[in-house]
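A.B. asks: Provided herewith: input05.txt, compact mmCIF, N, CA and C atoms.
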# COMPACT_ATOMS: atom_id res chain seq x y z
N MET A 1 117.68 -7.46 81.74
CA MET A 1 116.58 -6.69 81.20
C MET A 1 116.89 -5.20 81.39
N GLN A 2 116.71 -4.44 80.33
CA GLN A 2 117.02 -3.01 80.36
C GLN A 2 115.79 -2.22 79.97
N LEU A 3 115.52 -1.13 80.69
CA LEU A 3 114.42 -0.25 80.34
C LEU A 3 114.91 0.81 79.38
N LEU A 4 114.24 0.93 78.26
CA LEU A 4 114.51 1.97 77.29
C LEU A 4 113.26 2.83 77.18
N ALA A 5 113.37 3.97 76.54
CA ALA A 5 112.19 4.80 76.35
C ALA A 5 111.95 4.99 74.87
N GLN A 6 110.70 4.91 74.49
CA GLN A 6 110.33 5.20 73.11
C GLN A 6 109.59 6.53 73.14
N GLU A 7 110.03 7.46 72.33
CA GLU A 7 109.43 8.79 72.33
C GLU A 7 108.22 8.83 71.40
N PHE A 8 107.13 9.34 71.94
CA PHE A 8 105.90 9.52 71.19
C PHE A 8 105.58 11.00 71.14
N VAL A 9 104.85 11.39 70.11
CA VAL A 9 104.43 12.77 69.98
C VAL A 9 102.92 12.80 69.78
N LEU A 10 102.29 13.80 70.37
CA LEU A 10 100.89 14.07 70.12
C LEU A 10 100.89 15.11 69.02
N VAL A 11 100.24 14.80 67.91
CA VAL A 11 100.31 15.68 66.74
C VAL A 11 98.93 16.02 66.20
N VAL A 12 98.89 17.13 65.47
CA VAL A 12 97.70 17.57 64.76
C VAL A 12 98.20 18.17 63.45
N SER A 13 97.34 18.24 62.47
CA SER A 13 97.70 18.84 61.20
C SER A 13 98.09 20.30 61.40
N LYS A 14 99.06 20.78 60.64
CA LYS A 14 99.49 22.18 60.73
C LYS A 14 98.41 23.14 60.26
N VAL A 15 97.36 22.62 59.62
CA VAL A 15 96.25 23.46 59.19
C VAL A 15 95.54 24.07 60.40
N CYS A 16 95.53 23.36 61.51
CA CYS A 16 94.88 23.82 62.74
C CYS A 16 95.84 24.74 63.48
N ILE A 17 95.54 25.99 63.52
CA ILE A 17 96.44 26.95 64.13
C ILE A 17 96.28 26.89 65.64
N THR A 18 97.30 26.31 66.30
CA THR A 18 97.30 26.21 67.75
C THR A 18 98.73 26.08 68.23
N THR A 19 98.95 26.43 69.47
CA THR A 19 100.30 26.30 70.02
C THR A 19 100.37 25.24 71.11
N GLN A 20 99.24 24.92 71.71
CA GLN A 20 99.25 23.91 72.75
C GLN A 20 97.85 23.37 72.99
N VAL A 21 97.79 22.27 73.65
CA VAL A 21 96.51 21.68 74.03
C VAL A 21 96.47 21.64 75.54
N GLU A 22 95.67 22.51 76.12
CA GLU A 22 95.56 22.53 77.57
C GLU A 22 94.52 21.54 78.07
N ALA A 23 93.53 21.26 77.27
CA ALA A 23 92.42 20.41 77.70
C ALA A 23 92.43 19.08 76.97
N LEU A 24 93.59 18.44 76.93
CA LEU A 24 93.73 17.20 76.18
C LEU A 24 92.75 16.12 76.66
N GLN A 25 92.63 15.97 77.97
CA GLN A 25 91.69 14.98 78.49
C GLN A 25 90.27 15.30 78.02
N ASN A 26 89.89 16.56 78.06
CA ASN A 26 88.54 16.94 77.64
C ASN A 26 88.32 16.71 76.15
N ILE A 27 89.35 16.84 75.35
CA ILE A 27 89.22 16.56 73.92
C ILE A 27 88.99 15.07 73.71
N TYR A 28 89.75 14.23 74.40
CA TYR A 28 89.59 12.78 74.25
C TYR A 28 88.28 12.27 74.87
N LEU A 29 87.76 12.99 75.85
CA LEU A 29 86.46 12.63 76.42
C LEU A 29 85.32 13.32 75.68
N LYS A 30 85.67 14.09 74.66
CA LYS A 30 84.75 14.83 73.81
C LYS A 30 83.91 15.84 74.57
N LYS A 31 84.52 16.43 75.60
CA LYS A 31 83.90 17.53 76.32
C LYS A 31 84.29 18.86 75.67
N GLU A 32 85.46 18.89 75.05
CA GLU A 32 85.93 20.03 74.25
C GLU A 32 85.80 19.61 72.79
N LYS A 33 85.36 20.53 71.95
CA LYS A 33 85.09 20.16 70.56
C LYS A 33 86.03 20.77 69.55
N SER A 34 86.97 21.61 70.00
CA SER A 34 87.86 22.21 69.03
C SER A 34 89.30 22.21 69.53
N ILE A 35 90.18 22.30 68.57
CA ILE A 35 91.61 22.43 68.84
C ILE A 35 92.10 23.55 67.94
N GLY A 36 92.51 24.62 68.54
CA GLY A 36 92.93 25.77 67.75
C GLY A 36 91.80 26.21 66.84
N SER A 37 92.07 26.29 65.56
CA SER A 37 91.10 26.77 64.59
C SER A 37 90.26 25.65 63.96
N CYS A 38 90.37 24.43 64.45
CA CYS A 38 89.68 23.27 63.84
C CYS A 38 88.79 22.54 64.83
N GLN A 39 87.81 21.83 64.26
CA GLN A 39 87.03 20.91 65.07
C GLN A 39 87.94 19.75 65.44
N ALA A 40 87.96 19.37 66.71
CA ALA A 40 88.84 18.29 67.19
C ALA A 40 88.30 16.93 66.80
N ILE A 41 89.18 16.10 66.26
CA ILE A 41 88.84 14.72 65.93
C ILE A 41 89.93 13.84 66.57
N PRO A 42 89.74 13.48 67.85
CA PRO A 42 90.76 12.66 68.51
C PRO A 42 90.77 11.23 67.98
N LEU A 43 91.96 10.67 67.87
CA LEU A 43 92.14 9.30 67.40
C LEU A 43 92.80 8.46 68.47
N ASN A 44 92.45 7.20 68.50
CA ASN A 44 93.10 6.22 69.36
C ASN A 44 93.63 5.10 68.49
N ILE A 45 94.70 4.49 68.94
CA ILE A 45 95.17 3.26 68.30
C ILE A 45 94.38 2.13 68.94
N GLN A 46 94.34 0.97 68.33
CA GLN A 46 93.53 -0.14 68.87
C GLN A 46 93.88 -0.43 70.32
N ALA A 47 92.91 -0.94 71.06
CA ALA A 47 92.99 -1.06 72.52
C ALA A 47 94.11 -1.96 73.03
N ASP A 48 94.55 -2.95 72.27
CA ASP A 48 95.57 -3.87 72.78
C ASP A 48 97.00 -3.38 72.55
N MET A 49 97.16 -2.21 71.98
CA MET A 49 98.50 -1.67 71.73
C MET A 49 99.05 -1.02 73.00
N PRO A 50 100.30 -1.32 73.37
CA PRO A 50 100.89 -0.75 74.59
C PRO A 50 100.89 0.78 74.61
N GLN A 51 101.08 1.41 73.45
CA GLN A 51 101.10 2.87 73.43
C GLN A 51 99.73 3.46 73.80
N ARG A 52 98.66 2.77 73.46
CA ARG A 52 97.34 3.28 73.86
C ARG A 52 97.17 3.16 75.37
N MET A 53 97.55 2.02 75.91
CA MET A 53 97.42 1.84 77.36
C MET A 53 98.22 2.90 78.11
N PHE A 54 99.43 3.15 77.64
CA PHE A 54 100.27 4.17 78.26
C PHE A 54 99.65 5.55 78.10
N PHE A 55 99.21 5.89 76.91
CA PHE A 55 98.61 7.20 76.63
C PHE A 55 97.39 7.44 77.52
N MET A 56 96.52 6.46 77.59
CA MET A 56 95.31 6.61 78.40
C MET A 56 95.66 6.81 79.88
N LYS A 57 96.59 6.01 80.39
CA LYS A 57 96.93 6.07 81.81
C LYS A 57 97.75 7.31 82.16
N GLU A 58 98.80 7.58 81.41
CA GLU A 58 99.75 8.62 81.79
C GLU A 58 99.44 10.01 81.23
N VAL A 59 98.73 10.07 80.12
CA VAL A 59 98.46 11.37 79.50
C VAL A 59 97.01 11.80 79.72
N ILE A 60 96.07 10.90 79.48
CA ILE A 60 94.65 11.21 79.67
C ILE A 60 94.22 10.98 81.12
N HIS A 61 94.96 10.17 81.86
CA HIS A 61 94.72 9.90 83.27
C HIS A 61 93.43 9.14 83.54
N VAL A 62 93.18 8.12 82.72
CA VAL A 62 92.05 7.22 82.96
C VAL A 62 92.52 5.78 82.77
N SER A 63 91.95 4.89 83.54
CA SER A 63 92.25 3.46 83.38
C SER A 63 91.35 2.91 82.27
N PRO A 64 91.68 1.73 81.75
CA PRO A 64 90.80 1.12 80.74
C PRO A 64 89.37 0.93 81.26
N THR A 65 89.24 0.57 82.52
CA THR A 65 87.90 0.39 83.10
C THR A 65 87.14 1.71 83.15
N GLN A 66 87.80 2.78 83.60
CA GLN A 66 87.16 4.10 83.63
C GLN A 66 86.77 4.55 82.22
N TRP A 67 87.67 4.31 81.27
CA TRP A 67 87.42 4.69 79.88
C TRP A 67 86.17 3.96 79.35
N ASN A 68 86.11 2.67 79.56
CA ASN A 68 84.97 1.89 79.06
C ASN A 68 83.67 2.29 79.74
N ARG A 69 83.69 2.51 81.04
CA ARG A 69 82.48 2.95 81.75
C ARG A 69 81.99 4.29 81.23
N TYR A 70 82.94 5.21 81.04
CA TYR A 70 82.59 6.54 80.55
C TYR A 70 81.89 6.45 79.19
N TRP A 71 82.47 5.65 78.29
CA TRP A 71 81.89 5.58 76.94
C TRP A 71 80.61 4.75 76.92
N ASP A 72 80.43 3.82 77.82
CA ASP A 72 79.15 3.13 77.95
C ASP A 72 78.06 4.14 78.32
N MET A 73 78.38 5.03 79.25
CA MET A 73 77.44 6.06 79.68
C MET A 73 77.16 7.07 78.56
N MET A 74 78.22 7.48 77.85
CA MET A 74 78.06 8.48 76.79
C MET A 74 77.30 7.93 75.59
N HIS A 75 77.37 6.62 75.39
CA HIS A 75 76.64 5.98 74.29
C HIS A 75 75.15 6.33 74.36
N PHE A 76 74.61 6.34 75.58
CA PHE A 76 73.19 6.63 75.76
C PHE A 76 72.86 8.10 75.57
N LYS A 77 73.89 8.94 75.48
CA LYS A 77 73.71 10.36 75.19
C LYS A 77 73.98 10.66 73.72
N GLY A 78 74.30 9.61 72.96
CA GLY A 78 74.53 9.77 71.53
C GLY A 78 75.93 10.26 71.18
N VAL A 79 76.87 10.16 72.11
CA VAL A 79 78.24 10.61 71.87
C VAL A 79 79.12 9.38 71.63
N GLN A 80 79.85 9.40 70.54
CA GLN A 80 80.71 8.27 70.18
C GLN A 80 82.14 8.50 70.68
N PRO A 81 82.85 7.42 71.04
CA PRO A 81 84.25 7.55 71.47
C PRO A 81 85.15 7.96 70.30
N PRO A 82 86.38 8.35 70.60
CA PRO A 82 87.31 8.68 69.52
C PRO A 82 87.44 7.53 68.51
N HIS A 83 87.64 7.91 67.28
CA HIS A 83 87.82 6.92 66.20
C HIS A 83 89.07 6.10 66.49
N VAL A 84 89.00 4.80 66.22
CA VAL A 84 90.13 3.90 66.45
C VAL A 84 90.75 3.52 65.11
N VAL A 85 92.08 3.66 65.04
CA VAL A 85 92.83 3.22 63.87
C VAL A 85 93.65 2.00 64.28
N HIS A 86 94.08 1.22 63.31
CA HIS A 86 94.71 -0.06 63.63
C HIS A 86 96.23 -0.10 63.50
N SER A 87 96.83 1.04 63.13
CA SER A 87 98.28 1.06 63.01
C SER A 87 98.79 2.49 63.09
N ASN A 88 100.09 2.62 63.34
CA ASN A 88 100.71 3.94 63.33
C ASN A 88 100.62 4.56 61.94
N GLN A 89 100.75 3.75 60.90
CA GLN A 89 100.66 4.25 59.53
C GLN A 89 99.27 4.83 59.26
N ALA A 90 98.23 4.12 59.72
CA ALA A 90 96.86 4.60 59.52
C ALA A 90 96.62 5.89 60.27
N MET A 91 97.16 5.99 61.50
CA MET A 91 96.98 7.21 62.28
C MET A 91 97.68 8.38 61.59
N ALA A 92 98.89 8.17 61.12
CA ALA A 92 99.63 9.24 60.44
C ALA A 92 98.89 9.69 59.19
N ALA A 93 98.38 8.76 58.41
CA ALA A 93 97.65 9.09 57.19
C ALA A 93 96.38 9.87 57.51
N TYR A 94 95.66 9.46 58.53
CA TYR A 94 94.41 10.13 58.93
C TYR A 94 94.71 11.56 59.35
N ILE A 95 95.73 11.76 60.14
CA ILE A 95 96.09 13.10 60.62
C ILE A 95 96.49 14.00 59.45
N GLN A 96 97.18 13.44 58.48
CA GLN A 96 97.60 14.24 57.33
C GLN A 96 96.43 14.62 56.43
N LYS A 97 95.39 13.78 56.38
CA LYS A 97 94.29 14.01 55.43
C LYS A 97 93.08 14.71 56.04
N VAL A 98 92.90 14.62 57.36
CA VAL A 98 91.68 15.14 57.98
C VAL A 98 92.03 16.29 58.91
N SER A 99 91.59 17.47 58.56
CA SER A 99 91.84 18.65 59.37
C SER A 99 91.21 18.49 60.75
N GLY A 100 91.98 18.73 61.80
CA GLY A 100 91.50 18.61 63.18
C GLY A 100 91.76 17.26 63.82
N ALA A 101 92.19 16.28 63.01
CA ALA A 101 92.51 14.97 63.58
C ALA A 101 93.78 15.09 64.41
N LEU A 102 93.75 14.51 65.59
CA LEU A 102 94.95 14.49 66.42
C LEU A 102 95.13 13.11 67.00
N GLY A 103 96.40 12.75 67.18
CA GLY A 103 96.70 11.44 67.69
C GLY A 103 98.14 11.37 68.16
N TYR A 104 98.51 10.22 68.68
CA TYR A 104 99.84 10.01 69.23
C TYR A 104 100.56 8.95 68.41
N LEU A 105 101.80 9.27 68.10
CA LEU A 105 102.60 8.43 67.22
C LEU A 105 104.03 8.33 67.71
N PRO A 106 104.73 7.25 67.36
CA PRO A 106 106.17 7.28 67.60
C PRO A 106 106.76 8.44 66.78
N ARG A 107 107.76 9.10 67.33
CA ARG A 107 108.35 10.27 66.66
C ARG A 107 108.78 9.95 65.23
N THR A 108 109.14 8.70 64.96
CA THR A 108 109.60 8.32 63.63
C THR A 108 108.52 8.48 62.55
N PHE A 109 107.25 8.61 62.95
CA PHE A 109 106.16 8.79 62.00
C PHE A 109 105.81 10.25 61.76
N LEU A 110 106.50 11.15 62.42
CA LEU A 110 106.25 12.58 62.29
C LEU A 110 106.51 13.04 60.86
N GLU A 111 105.57 13.78 60.29
CA GLU A 111 105.67 14.30 58.93
C GLU A 111 105.70 15.83 58.97
N PRO A 112 106.25 16.48 57.93
CA PRO A 112 106.31 17.95 57.91
C PRO A 112 104.94 18.62 57.98
N SER A 113 103.88 17.93 57.58
CA SER A 113 102.53 18.52 57.62
C SER A 113 101.89 18.46 59.00
N MET A 114 102.61 17.93 59.99
CA MET A 114 102.08 17.79 61.36
C MET A 114 102.78 18.75 62.30
N GLN A 115 102.05 19.21 63.29
CA GLN A 115 102.67 19.99 64.35
C GLN A 115 102.60 19.21 65.66
N VAL A 116 103.67 19.27 66.41
CA VAL A 116 103.77 18.54 67.68
C VAL A 116 103.14 19.39 68.78
N LEU A 117 102.18 18.80 69.49
CA LEU A 117 101.53 19.48 70.60
C LEU A 117 102.11 19.07 71.94
N ALA A 118 102.61 17.85 72.02
CA ALA A 118 103.20 17.34 73.26
C ALA A 118 104.10 16.17 72.91
N THR A 119 105.06 15.92 73.78
CA THR A 119 105.97 14.80 73.64
C THR A 119 105.93 14.00 74.94
N PHE A 120 105.94 12.69 74.83
CA PHE A 120 105.99 11.85 76.03
C PHE A 120 106.81 10.62 75.73
N GLU A 121 107.40 10.06 76.77
CA GLU A 121 108.23 8.87 76.61
C GLU A 121 107.58 7.69 77.30
N MET A 122 107.47 6.63 76.54
CA MET A 122 106.89 5.40 77.06
C MET A 122 108.03 4.42 77.34
N PRO A 123 108.15 3.97 78.58
CA PRO A 123 109.19 2.99 78.89
C PRO A 123 108.99 1.73 78.05
N LYS A 124 110.08 1.18 77.61
CA LYS A 124 110.04 -0.03 76.80
C LYS A 124 111.05 -1.01 77.39
N VAL A 125 110.64 -2.21 77.62
CA VAL A 125 111.52 -3.23 78.19
C VAL A 125 112.19 -3.97 77.05
N SER A 126 113.53 -4.05 77.14
CA SER A 126 114.25 -4.84 76.14
C SER A 126 114.79 -6.10 76.82
N PRO A 127 114.89 -7.18 76.07
CA PRO A 127 115.37 -8.45 76.67
C PRO A 127 116.83 -8.39 77.08
Please re-express this file's structure in structure tokens.

C.D. replies:
Amino acid sequence: MQLLAQEFVLVVSKVCITTQVEALQNIYLKKEKSIGSCQAIPLNIQADMPQRMFFMKEVIHVSPTQWNRYWDMMHFKGVQPPHVVHSNQAMAAYIQKVSGALGYLPRTFLEPSMQVLATFEMPKVSP
């Protein structure tokens, strides 16, 4: 068994003028409402995808249990969790079409209309 790394990028449309995201956790928890010159629209991939589990734990620094508890509490305040897409293709399309949408994708899905805000590597086990 060999550990490999798959490179992911956190991206936003180039329409949103920004150079970095300092408050990434706050954007995903919807405590911050903008990214650069745009209203922030954070996206998540469906919950059973390994990249989401890695992103939540290593980048946002919350466990699935903490995430679910937080959003259960926020539901009663009328705040909805980030929109969930069901594939990398859907996430890429959403980011390209909706100003302020940001999400994490394998680098292979990066398009010229996107700007990279962060890069991270997710370990991948090969047989």

A.B. asks: Among segment 19-88 of chain A, which ones does DSSP place in strand (DSSP E), written as a PyMOL selection string?

C.D. replies: chain A and resi 34-35+38-39+41-45+83-85

A.B. asks: Can you tell me, as JSON, numbers by chain, what residues are no more than 8 Å from Leu24 of chain A when counting only N, CA and C atoms, ignoring any on the same chain fewer than 6 positions away?

C.D. replies: {"A": [30, 32, 59, 60]}

A.B. asks: So the first atom is atom N of Ala93 of chain A and the second is atom C of Met114 of chain A; what is the distance between them in Å, to one decimal place?

C.D. replies: 11.6 Å

A.B. asks: May I have the residues within 8 Å of Ala47 of chain A as a list in words, using only N, CA and C atoms and disregarding those fewer than 5 positions away in the same chain?

C.D. replies: Arg52, Met53, Val84, Val85 and His86 of chain A

A.B. asks: My list of candidates is A:Ala101, A:Ile35, A:Ile41, A:Val12. Which is closest to Gln80 of chain A when distances are computed with only C-alpha atoms?

C.D. replies: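 Of A:Ala101, A:Ile35, A:Ile41, A:Val12, the one nearest Gln80 of chain A, counting only C-alpha atoms, is A:Ile41.
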
A.B. asks: Quick one: distance from atom CA of Lys14 of chain A to atom CA of Ser113 of chain A in Å, one decimal?

C.D. replies: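 It comes out at 5.7 Å.
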
A.B. asks: Could you pull out every residue with an atom within 7 Å of (105.2, 4.7, 71.2), file coordinates, counting all atoms listed in the file, and send them as a PyMOL selection string?

C.D. replies: chain A and resi 6-9+50-51+104-107+122

A.B. asks: Hey, can I get the axis-aligned box for segment 37-47 of chain A? All listed atoms, 3 Å padding on each side, centre and edge lengths in Å to one decimal, as JSON.

C.D. replies:
{"center_x": 91.1, "center_y": 12.4, "center_z": 68.4, "size_x": 14.1, "size_y": 34.7, "size_z": 15.2}

A.B. asks: Could you pull out all residues of segment 34-124 of chain A with a DSSP call of alpha helix (DSSP H) and give them as a ChimeraX atom specification?

C.D. replies: /A:50-54,64-75,88-97

A.B. asks: Have a look at atom CA of Cys38 of chain A and atom C of Cys16 of chain A and let me know their distance in Å, one decimal.

C.D. replies: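 Between atom CA of Cys38 of chain A and atom C of Cys16 of chain A the gap works out to 6.3 Å.
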